[in-house]
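my_file.cif, holding mmCIF, C-alpha atoms:
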data_model
#
loop_
_atom_site.label_atom_id
_atom_site.label_comp_id
_atom_site.auth_asym_id
_atom_site.auth_seq_id
_atom_site.Cartn_x
_atom_site.Cartn_y
_atom_site.Cartn_z
CA MET A 1 173.60 97.58 140.39
CA LYS A 2 173.09 99.89 143.39
CA ARG A 3 169.34 99.32 143.32
CA SER A 4 169.87 95.56 143.32
CA VAL A 5 172.21 95.77 146.31
CA TRP A 6 169.76 98.01 148.18
CA ALA A 7 166.91 95.59 147.47
CA TRP A 8 168.95 92.68 148.86
CA LEU A 9 169.93 94.70 151.93
CA ARG A 10 166.29 95.51 152.64
CA MET A 11 165.33 91.86 152.36
CA LEU A 12 168.20 90.79 154.60
CA ALA A 13 167.16 93.38 157.19
CA GLY A 14 163.62 92.00 157.21
CA VAL A 15 164.89 88.44 157.50
CA GLY A 16 167.23 89.49 160.30
CA ILE A 17 164.37 90.98 162.31
CA LEU A 18 162.29 87.82 161.95
CA VAL A 19 165.25 85.60 162.87
CA MET A 20 165.91 87.65 166.01
CA LEU A 21 162.26 87.36 167.03
CA LEU A 22 162.33 83.61 166.51
CA TRP A 23 165.56 83.37 168.48
CA HIS A 24 164.21 85.28 171.49
CA LEU A 25 160.53 84.28 171.47
CA GLY A 26 160.57 80.90 169.73
CA THR A 27 158.28 79.59 167.03
CA GLY A 28 155.30 79.25 169.37
CA ALA A 29 154.10 82.83 168.74
CA PHE A 30 154.06 82.22 164.96
CA LEU A 31 152.39 78.82 165.10
CA ASP A 32 149.87 79.85 167.75
CA GLY A 33 148.70 82.73 165.57
CA LEU A 34 148.21 80.47 162.56
CA ARG A 35 146.25 77.90 164.57
CA ARG A 36 143.79 80.51 165.85
CA ILE A 37 142.65 81.71 162.42
CA ASP A 38 139.32 80.21 161.30
CA ALA A 39 136.93 80.67 158.36
CA GLY A 40 134.93 83.39 160.08
CA THR A 41 138.08 85.41 160.69
CA LEU A 42 139.11 85.11 157.05
CA LEU A 43 135.66 86.27 155.88
CA ALA A 44 135.86 89.27 158.20
CA ALA A 45 139.31 90.08 156.79
CA LEU A 46 137.94 89.88 153.24
CA ALA A 47 135.12 92.29 154.16
CA ILE A 48 137.50 94.78 155.75
CA GLY A 49 139.84 94.40 152.78
CA LEU A 50 137.01 95.16 150.37
CA LEU A 51 136.23 98.40 152.21
CA THR A 52 139.83 99.58 152.38
CA THR A 53 140.60 98.58 148.78
CA VAL A 54 137.58 100.38 147.32
CA CYS A 55 138.39 103.52 149.33
CA SER A 56 142.06 103.34 148.31
CA ALA A 57 141.07 102.94 144.66
CA TRP A 58 138.72 105.92 144.96
CA ARG A 59 141.58 107.97 146.39
CA TRP A 60 143.72 106.92 143.43
CA CYS A 61 140.98 108.01 141.02
CA LEU A 62 140.73 111.43 142.69
CA VAL A 63 144.49 112.01 142.51
CA ALA A 64 144.64 110.83 138.88
CA ARG A 65 141.76 113.15 137.97
CA GLY A 66 143.56 116.05 139.64
CA LEU A 67 146.57 115.33 137.42
CA GLY A 68 144.36 115.24 134.33
CA LEU A 69 144.25 111.45 133.87
CA ARG A 70 141.13 109.35 133.39
CA LEU A 71 140.75 106.33 135.68
CA PRO A 72 137.37 104.57 136.10
CA LEU A 73 136.67 103.33 139.62
CA GLY A 74 135.98 99.73 138.54
CA ARG A 75 139.31 99.37 136.79
CA ALA A 76 141.04 101.13 139.69
CA VAL A 77 139.61 98.64 142.19
CA ALA A 78 140.74 95.67 140.08
CA ASP A 79 144.23 97.12 139.58
CA TYR A 80 144.51 97.99 143.27
CA TYR A 81 143.58 94.45 144.31
CA ARG A 82 146.21 93.07 141.96
CA ALA A 83 148.80 95.48 143.35
CA LEU A 84 147.98 94.51 146.94
CA PHE A 85 148.39 90.83 146.12
CA LEU A 86 151.72 91.40 144.39
CA ASN A 87 152.91 93.59 147.27
CA ALA A 88 152.06 90.84 149.75
CA ALA A 89 153.32 87.92 147.67
CA LEU A 90 156.60 89.37 146.37
CA PRO A 91 159.65 90.64 148.30
CA GLY A 92 159.98 94.37 148.78
CA GLY A 93 156.31 95.16 149.29
CA VAL A 94 156.10 97.77 146.49
CA LEU A 95 156.30 95.84 143.21
CA GLY A 96 152.52 95.78 142.89
CA ASP A 97 152.37 99.58 143.16
CA VAL A 98 155.12 99.91 140.57
CA HIS A 99 153.17 97.64 138.23
CA ARG A 100 149.89 99.56 138.54
CA ALA A 101 151.70 102.88 138.12
CA VAL A 102 153.43 101.81 134.91
CA ARG A 103 150.30 100.11 133.53
CA HIS A 104 148.05 103.10 134.18
CA GLY A 105 150.62 105.53 132.81
CA ARG A 106 151.00 103.58 129.58
CA ASN A 107 147.25 103.16 129.16
CA ALA A 108 146.73 106.88 129.74
CA GLY A 109 149.53 107.80 127.34
CA ASP A 110 151.57 109.62 130.01
CA LEU A 111 153.89 107.39 132.01
CA GLY A 112 155.22 110.23 134.14
CA ARG A 113 151.84 111.39 135.36
CA GLY A 114 150.72 107.79 135.86
CA VAL A 115 153.64 107.18 138.19
CA SER A 116 153.06 110.51 139.94
CA ALA A 117 149.42 109.59 140.60
CA VAL A 118 150.42 106.40 142.41
CA VAL A 119 153.22 108.10 144.35
CA LEU A 120 150.91 110.90 145.49
CA GLU A 121 148.11 108.47 146.33
CA ARG A 122 150.41 106.42 148.53
CA ALA A 123 151.90 109.56 150.06
CA ALA A 124 148.41 110.80 150.98
CA GLY A 125 147.75 107.61 152.93
CA GLN A 126 151.06 107.89 154.77
CA ILE A 127 150.45 111.56 155.63
CA VAL A 128 147.04 110.79 157.12
CA LEU A 129 148.58 107.87 159.05
CA LEU A 130 151.30 110.14 160.44
CA VAL A 131 148.88 112.90 161.43
CA ALA A 132 146.30 110.56 162.95
CA GLY A 133 149.01 108.48 164.56
CA ALA A 134 150.60 111.53 166.17
CA ALA A 135 147.20 112.61 167.50
CA VAL A 136 146.51 109.15 168.95
CA LEU A 137 149.95 108.82 170.49
CA LEU A 138 149.70 112.24 172.11
CA ALA A 139 146.15 111.74 173.36
CA ARG A 140 146.59 108.22 174.72
CA PRO A 141 149.63 107.77 177.00
CA SER A 142 151.23 104.33 177.04
CA PRO A 143 154.30 102.81 178.71
CA ALA A 144 155.62 101.95 175.25
CA LEU A 145 155.26 105.56 174.17
CA ALA A 146 156.87 106.95 177.30
CA ARG A 147 160.23 105.52 176.24
CA ILE A 148 159.87 107.03 172.77
CA GLY A 149 158.81 110.32 174.30
CA ARG A 150 161.88 110.47 176.52
CA LEU A 151 164.09 109.81 173.51
CA ILE A 152 162.37 112.35 171.25
CA THR A 153 162.26 115.08 173.87
CA ALA A 154 165.94 114.74 174.75
CA PRO A 155 167.63 118.13 174.14
CA GLY A 156 170.18 116.81 171.69
CA VAL A 157 167.62 114.94 169.58
CA THR A 158 165.28 117.94 169.56
CA VAL A 159 168.01 120.30 168.37
CA LEU A 160 169.18 117.88 165.66
CA ALA A 161 165.60 117.36 164.44
CA ALA A 162 164.96 121.12 164.31
CA VAL A 163 168.20 121.77 162.41
CA GLY A 164 167.50 118.93 160.00
CA CYS A 165 163.97 120.18 159.25
CA ALA A 166 165.25 123.71 158.72
CA LEU A 167 167.92 122.52 156.28
CA VAL A 168 165.44 120.41 154.33
CA LEU A 169 162.96 123.28 154.06
CA ALA A 170 165.69 125.73 153.07
CA ALA A 171 167.03 123.39 150.38
CA ALA A 172 163.55 122.72 148.99
CA GLY A 173 162.77 126.44 148.92
CA TRP A 174 166.04 127.28 147.18
CA LEU A 175 165.53 124.58 144.56
CA TYR A 176 161.95 125.66 143.93
CA TRP A 177 162.56 129.40 143.63
CA SER A 178 165.95 129.32 141.94
CA ARG A 179 165.93 130.24 138.28
CA GLY A 180 168.50 127.66 137.39
CA ALA A 181 167.55 124.85 135.05
CA SER A 182 169.17 122.08 137.08
CA ARG A 183 167.60 118.66 136.89
CA THR A 184 167.06 118.57 140.66
CA GLY A 185 165.38 121.97 140.64
CA ARG A 186 163.04 120.97 137.83
CA ALA A 187 162.20 117.72 139.60
CA VAL A 188 161.37 119.53 142.86
CA ARG A 189 159.20 122.10 141.07
CA ALA A 190 157.41 119.36 139.13
CA ALA A 191 156.80 117.36 142.33
CA LEU A 192 155.39 120.38 144.18
CA THR A 193 153.19 121.29 141.22
CA GLY A 194 151.91 117.72 140.98
CA ALA A 195 151.17 117.65 144.71
CA ARG A 196 149.26 120.92 144.47
CA ARG A 197 147.14 119.63 141.58
CA GLY A 198 146.80 116.01 142.66
CA LEU A 199 146.29 116.43 146.41
CA LEU A 200 145.57 120.03 147.38
CA ALA A 201 143.09 121.06 144.67
CA ARG A 202 139.67 122.13 145.95
CA GLY A 203 137.84 119.22 144.35
CA VAL A 204 140.42 116.61 145.37
CA TRP A 205 141.63 116.99 148.95
CA PRO A 206 138.27 116.46 150.78
CA GLY A 207 137.76 113.09 149.10
CA VAL A 208 141.40 112.13 149.58
CA ALA A 209 141.21 112.98 153.29
CA LEU A 210 137.92 111.11 153.77
CA SER A 211 139.03 107.98 151.91
CA SER A 212 142.38 107.95 153.74
CA ALA A 213 140.61 108.20 157.11
CA VAL A 214 138.34 105.27 156.23
CA VAL A 215 141.33 103.22 155.04
CA LEU A 216 143.19 103.91 158.28
CA ALA A 217 140.12 102.93 160.30
CA GLY A 218 139.97 99.69 158.31
CA TYR A 219 143.63 98.92 159.02
CA LEU A 220 143.10 99.53 162.73
CA GLY A 221 139.98 97.36 162.64
CA MET A 222 142.00 94.57 161.01
CA PHE A 223 144.66 94.90 163.70
CA LEU A 224 142.04 94.83 166.45
CA LEU A 225 140.56 91.69 164.90
CA ALA A 226 144.03 90.14 164.82
CA ALA A 227 144.60 91.03 168.48
CA ARG A 228 141.33 89.38 169.52
CA VAL A 229 142.12 86.28 167.47
CA ALA A 230 145.57 86.19 169.09
CA GLY A 231 143.89 86.08 172.50
CA SER A 232 144.37 89.66 173.70
CA THR A 233 141.66 90.90 176.06
CA ALA A 234 143.11 94.40 176.57
CA PRO A 235 140.72 97.31 175.93
CA ALA A 236 140.71 98.69 172.39
CA ALA A 237 141.78 102.11 173.69
CA GLU A 238 144.93 100.51 175.09
CA LEU A 239 145.65 98.57 171.91
CA VAL A 240 145.14 101.37 169.37
CA PRO A 241 148.42 103.24 170.14
CA LEU A 242 150.34 99.98 169.84
CA MET A 243 148.64 99.25 166.52
CA VAL A 244 149.52 102.71 165.23
CA LEU A 245 153.19 102.05 166.02
CA ALA A 246 153.04 98.77 164.10
CA LEU A 247 151.39 100.46 161.11
CA LEU A 248 154.06 103.17 161.11
CA ALA A 249 156.74 100.46 161.18
CA MET A 250 155.24 98.90 158.05
CA ALA A 251 156.26 102.03 156.13
CA LEU A 252 159.94 101.23 156.72
CA PRO A 253 161.57 99.85 153.54
CA LEU A 254 163.08 96.89 155.42
CA ASN A 255 160.48 94.20 154.93
CA ILE A 256 159.65 91.07 152.97
CA GLY A 257 156.14 91.49 151.64
CA GLY A 258 155.32 93.59 154.71
CA TRP A 259 156.93 91.18 157.23
CA GLY A 260 159.76 92.25 159.50
CA PRO A 261 159.55 95.68 161.17
CA ARG A 262 155.83 95.24 161.89
CA GLU A 263 156.48 92.10 163.93
CA GLY A 264 159.48 93.61 165.68
CA VAL A 265 157.69 96.81 166.72
CA ALA A 266 154.56 94.91 167.77
CA ALA A 267 156.58 92.58 169.98
CA TRP A 268 158.49 95.49 171.54
CA SER A 269 155.46 97.75 172.08
CA PHE A 270 153.25 95.01 173.53
CA GLY A 271 156.08 93.99 175.83
CA ALA A 272 156.70 97.56 176.97
CA ALA A 273 152.97 97.99 177.64
CA GLY A 274 152.94 94.91 179.87
CA LEU A 275 150.95 92.76 177.45
CA GLY A 276 153.80 90.43 176.58
CA ALA A 277 156.16 90.47 173.62
CA ALA A 278 154.88 87.06 172.48
CA GLN A 279 151.34 88.45 172.44
CA GLY A 280 152.46 91.31 170.22
CA LEU A 281 154.29 88.99 167.85
CA THR A 282 151.28 86.68 167.57
CA THR A 283 149.02 89.66 166.84
CA ALA A 284 151.34 90.89 164.10
CA VAL A 285 151.55 87.41 162.57
CA VAL A 286 147.76 87.07 162.52
CA TYR A 287 147.49 90.55 160.98
CA GLY A 288 149.97 89.59 158.25
CA VAL A 289 148.01 86.46 157.39
CA LEU A 290 144.69 88.35 157.36
CA ALA A 291 146.17 91.09 155.16
CA LEU A 292 147.37 88.43 152.72
CA ALA A 293 143.93 86.79 152.75
CA ALA A 294 142.28 90.17 152.10
CA SER A 295 144.44 90.59 148.98
CA VAL A 296 143.58 87.18 147.50
CA PRO A 297 140.98 88.67 145.08
CA GLY A 298 144.00 90.26 143.41
CA ALA A 299 145.14 86.77 142.38
CA GLY A 300 141.77 86.33 140.68
CA VAL A 301 142.34 89.60 138.82
CA LEU A 302 145.74 88.35 137.66
CA VAL A 303 144.28 85.08 136.37
CA ALA A 304 141.36 86.84 134.67
CA ARG A 305 143.67 89.31 132.92
CA TRP A 306 145.93 86.45 131.79
CA ILE A 307 142.99 84.53 130.33
CA ALA A 308 141.68 87.68 128.64
CA GLY A 309 145.11 88.24 127.12
CA LEU A 310 145.17 84.72 125.70
CA ARG A 311 141.71 85.15 124.19
CA ALA A 312 142.73 88.45 122.64
CA GLU A 313 145.81 86.89 121.06
CA ARG A 314 143.99 83.86 119.62
CA PRO A 315 142.13 85.67 116.77
CA GLN A 316 145.40 87.28 115.68
CA ILE A 317 147.13 83.88 115.61
CA GLU A 318 144.28 82.34 113.61
CA LEU A 319 144.41 85.23 111.13
CA GLU A 320 148.15 84.79 110.65
CA GLU A 321 147.73 81.04 110.11
CA ARG A 322 144.98 81.64 107.54
CA VAL A 323 147.14 84.11 105.60
CA LEU A 324 150.06 81.68 105.66
CA ALA A 325 147.82 78.85 104.41
CA GLU A 326 146.53 80.98 101.55
CA HIS A 327 150.08 81.67 100.42
CA GLY A 328 151.13 78.07 100.71
CA ALA A 329 153.45 78.59 103.68
CA PRO A 330 153.65 75.98 106.45
CA GLN A 331 151.47 76.79 109.50
CA ARG A 332 152.89 77.31 112.97
CA ARG A 333 152.58 74.38 115.30
CA PRO A 334 151.81 74.84 119.00
#

If you took the structure in this file and wrote it as structure tokens, what would it be?
Amino acid sequence: MKRSVWAWLRMLAGVGILVMLLWHLGTGAFLDGLRRIDAGTLLAALAIGLLTTVCSAWRWCLVARGLGLRLPLGRAVADYYRALFLNAALPGGVLGDVHRAVRHGRNAGDLGRGVSAVVLERAAGQIVLLVAGAAVLLARPSPALARIGRLITAPGVTVLAAVGCALVLAAAGWLYWSRGASRTGRAVRAALTGARRGLLARGVWPGVALSSAVVLAGYLGMFLLAARVAGSTAPAAELVPLMVLALLAMALPLNIGGWGPREGVAAWSFGAAGLGAAQGLTTAVVYGVLALAASVPGAGVLVARWIAGLRAERPQIELEERVLAEHGAPQRRP
């Protein structure tokens, strides 16, 4: 019941952000973005999506291998495409990842490690985004970032952040090293052990870091393409920090298939940088459409798997009908 309420609250938060943007900026930013997308832009999005999906699937394979699970790259790419399409098409933005985690875990005979592989793979991408994003935001000053910097560097916020980090680290250390057999302690120790094997092992982390960097570059390239389609002529060096902020906002669990915080942060950051809030909103809308287009091959994977399932069931049905006929029982009718 609590999970259902939380899911509805997340969706309502995403809807609320979009409604506020429409109220303040009008529908022109949305419609203008859609009108500017052409066939060449969609093909470019598909190409970028292919690169990022293959690299993400490779990262998943590396993490799964570190956890002792077998995952061929071809199947990983197909499952990742399907997950991306479900994430983009369904509310919440994570149902596709849940599906591929459960499917891989069941196929591998270990549901727990299958879920851990997906969680660690997604966490690796977010860690690289945070590290690279922090580096970009520190190296490239921007009016939008100046406001965030003043807030973060405020004495009260700094002290609270330091105390919070210290408490979290102390609690994690106590749970890990305590000899008690509490469920929380076991979960923390299992998570840290899985992270050490699935992400930090010598044969895993270089590939995970490389693939994550390529994926992040692909996301930024997609955003830059969206900005150019939306009509922005600002230099790429000026746009990259704003794009990083929008990508970080996408990690917030308050969206509808990825929509909501991304558009809000893009509108705010573009406006603060003097590029216009409407320009930022249009860029985010174009990015959302291009990301959905890049995941369309996942729909093909869904259809192909459905057809394959029907073909696999047909011989079994025919065998059952033949056995029933031999024993004089009435056959099933479609």

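Relative to CA of Gly74 in chain A, CA of Cys55 in chain A is found at 11.7 Å.
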
Exercise for the section: Please provide as a ChimeraX atom specification all residues within 12 Å of Arg75 in chain A, with the sequence filter that same-chain residues fewer than 3 positions apart are discarded (counting all atoms listed in the file). Expected result: /A:54,57-58,60-61,70-72,78-82,100,103-104,107,301,305

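Taking CA of Leu281 in chain A as the reference point, CA of Gly133 in chain A is found at 20.5 Å.
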
Exercise for the section: Starting from the shown file, work through the PyMOL selection byres ((chain A and resi 86) around 10) and note down what comes out as a ChimeraX atom specification. Expected result: /A:80-85,87-99,257,292,295-296,298-299,302

Handout entry: Neighbours of point (149.2, 109.1, 161.3) within 12 Å, using only C-alpha atoms, written as a VMD selection string
Key = chain A and resid 123 to 138 209 212 to 213 215 to 217 219 to 220 240 to 241 243 to 249 251

Selected residues, C-alpha atoms, written as a compact mmCIF listing (two decimals), in the frame of the given file, please.
# COMPACT_ATOMS: atom_id res chain seq x y z
CA ALA A 123 151.90 109.56 150.06
CA ALA A 124 148.41 110.80 150.98
CA GLY A 125 147.75 107.61 152.93
CA GLN A 126 151.06 107.89 154.77
CA ILE A 127 150.45 111.56 155.63
CA VAL A 128 147.04 110.79 157.12
CA LEU A 129 148.58 107.87 159.05
CA LEU A 130 151.30 110.14 160.44
CA VAL A 131 148.88 112.90 161.43
CA ALA A 132 146.30 110.56 162.95
CA GLY A 133 149.01 108.48 164.56
CA ALA A 134 150.60 111.53 166.17
CA ALA A 135 147.20 112.61 167.50
CA VAL A 136 146.51 109.15 168.95
CA LEU A 137 149.95 108.82 170.49
CA LEU A 138 149.70 112.24 172.11
CA ALA A 209 141.21 112.98 153.29
CA SER A 212 142.38 107.95 153.74
CA ALA A 213 140.61 108.20 157.11
CA VAL A 215 141.33 103.22 155.04
CA LEU A 216 143.19 103.91 158.28
CA ALA A 217 140.12 102.93 160.30
CA TYR A 219 143.63 98.92 159.02
CA LEU A 220 143.10 99.53 162.73
CA VAL A 240 145.14 101.37 169.37
CA PRO A 241 148.42 103.24 170.14
CA MET A 243 148.64 99.25 166.52
CA VAL A 244 149.52 102.71 165.23
CA LEU A 245 153.19 102.05 166.02
CA ALA A 246 153.04 98.77 164.10
CA LEU A 247 151.39 100.46 161.11
CA LEU A 248 154.06 103.17 161.11
CA ALA A 249 156.74 100.46 161.18
CA ALA A 251 156.26 102.03 156.13

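Selection result for the displayed file, with the PyMOL selection byres ((chain A and resi 200) around 12) as criterion, is Leu62, Val63, Gly66, Leu67, Leu120, Glu121, Ala124, Leu192, Thr193, Gly194, Ala195, Arg196, Arg197, Gly198, Leu199, Ala201, Arg202, Gly203, Val204, Trp205, Pro206, Gly207, Val208 and Ala209 of chain A.
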
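You will find CA of Pro297 in chain A at 27.2 Å from CA of Ala266 in chain A.
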
Handout entry: Ground truth for the PyMOL selection byres ((chain A and resi 225-227) around 12), written as a PyMOL selection string
Key = chain A and resi 33-34+36-38+40-45+48+218-224+228-236+238-240+242-243+266+270+275+278-291

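The neighbours of Val115 in chain A here are the residues that come within 6 Å of it, using only C-alpha atoms and leaving out any residue fewer than 3 positions away in the same chain; they are Ala101, Gly112 and Val118 of chain A.
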
Expected file: the selected residues, C-alpha atoms, as a PDB file, in the coordinates of the input:
ATOM      1  CA  ALA A 101     151.700 102.880 138.120  1.00  0.00           C
ATOM      2  CA  GLY A 112     155.220 110.230 134.140  1.00  0.00           C
ATOM      3  CA  VAL A 118     150.420 106.400 142.410  1.00  0.00           C
TER       4      VAL A 118
END

For the contact check between range 255-278 of chain A and range 21-24 of chain A, emit one row per residue of range 255-278 of chain A within 12 Å, containing the shortest atom pair and the distance in Å rounded to one decimal, counting all atoms listed in the file, chain then rising number order, as a Markdown table.
| residue | atom | partner | partner_atom | distance |
| --- | --- | --- | --- | --- |
| A:Trp259 | CA | A:Leu21 | CA | 11.8 |
| A:Gly260 | CA | A:Leu21 | CA | 9.3 |
| A:Pro261 | CA | A:Leu21 | CA | 10.5 |
| A:Arg262 | CA | A:Leu21 | CA | 11.4 |
| A:Glu263 | CA | A:Leu21 | CA | 8.1 |
| A:Gly264 | CA | A:Leu21 | CA | 7.0 |
| A:Val265 | CA | A:Leu21 | CA | 10.5 |
| A:Ala266 | CA | A:Leu21 | CA | 10.8 |
| A:Ala267 | CA | A:Leu21 | CA | 8.3 |
| A:Trp268 | CA | A:Leu21 | CA | 10.0 |
| A:Ala277 | CA | A:Leu21 | CA | 9.5 |
| A:Ala278 | CA | A:Leu21 | CA | 9.2 |
